[in-house]
Amino acid sequence: PVIISGGVSSIDDVKKAKDVSISKFMTKNPATVDAEDSLMEVAAIAISKKQMRVPVVDGNKKPIGLITRTEVKQVIGDILGLECFEDCK
């Protein structure tokens, strides 16, 4: 079996999926942030919308970047002066 986000699949399922349009898997109408939004606004959107990645857009709503929940956690850890904010052992 092959582990895929959200479940387990067989190699045959993966081979069949190679010809499936990305529109079947993509997040439609994701919440976005402006480059001038605060870190807390990004964190709130990522958590409330359950998005692992939040597109950053300009004033014309054109994508200019992407910020991940991991990056948000790392920055918060840096601000708090923590060497390891999550998954420390």
# chains A, B, ... in the order shown; residues from 1 in each chain; ligands from 1
call {"tool": "residues_around", "arguments": {"residues": "segment 39-41 of chain A", "least_positions_apart": "6", "cutoff": "12 Å", "atoms": "only C-alpha atoms", "output": "list of chain:residue names"}}
result
A:Ala31, A:Thr32, A:Val33, A:Ile47, A:Ser48, A:Lys49, A:Val54, A:Val56, A:Ile67, A:Thr68, A:Arg69, A:Glu71, A:Val72, A:Lys73, A:Gln74, A:Val75, A:Ile76, A:Ile79
call {"tool": "atom_distance", "arguments": {"atom1": "atom CA of Lys15 of chain A", "atom2": "atom CA of Pro55 of chain A"}}
result
29.3 Å
call {"tool": "select_by_dssp", "arguments": {"residues": "segment 45-85 of chain A", "states": "strand (DSSP E)", "output": "list in words"}}
result
Arg53, Val54, Pro55, Val56, Val57, Pro63, Ile64, Gly65, Leu66, Ile67 and Thr68 of chain A
call {"tool": "atom_distance", "arguments": {"atom1": "atom CA of Gly65 of chain A", "atom2": "atom CA of Ser38 of chain A"}}
result
14.9 Å
call {"tool": "residues_around", "arguments": {"residues": "Asp58 of chain A", "least_positions_apart": "6", "cutoff": "8 Å", "atoms": "only C-alpha atoms", "output": "JSON, numbers by chain"}}
result
{"A": [34, 35, 64]}
call {"tool": "write_last_selection", "arguments": {"atoms": "N, CA, C and O atoms", "output": "CSV table (one decimal), in the first residue's frame"}}
result
chain,number,residue,atom,x,y,z
A,34,ASP,N,-3.1,39.0,2.6
A,34,ASP,CA,-2.4,40.1,2.0
A,34,ASP,C,-0.9,40.1,2.6
A,34,ASP,O,-0.7,39.7,3.7
A,35,ALA,N,0.0,40.5,1.8
A,35,ALA,CA,1.4,40.6,2.2
A,35,ALA,C,1.6,41.4,3.5
A,35,ALA,O,2.5,41.3,4.2
A,64,ILE,N,1.3,36.0,-4.9
A,64,ILE,CA,2.7,36.4,-4.9
A,64,ILE,C,3.5,35.5,-4.0
A,64,ILE,O,4.7,35.7,-3.9
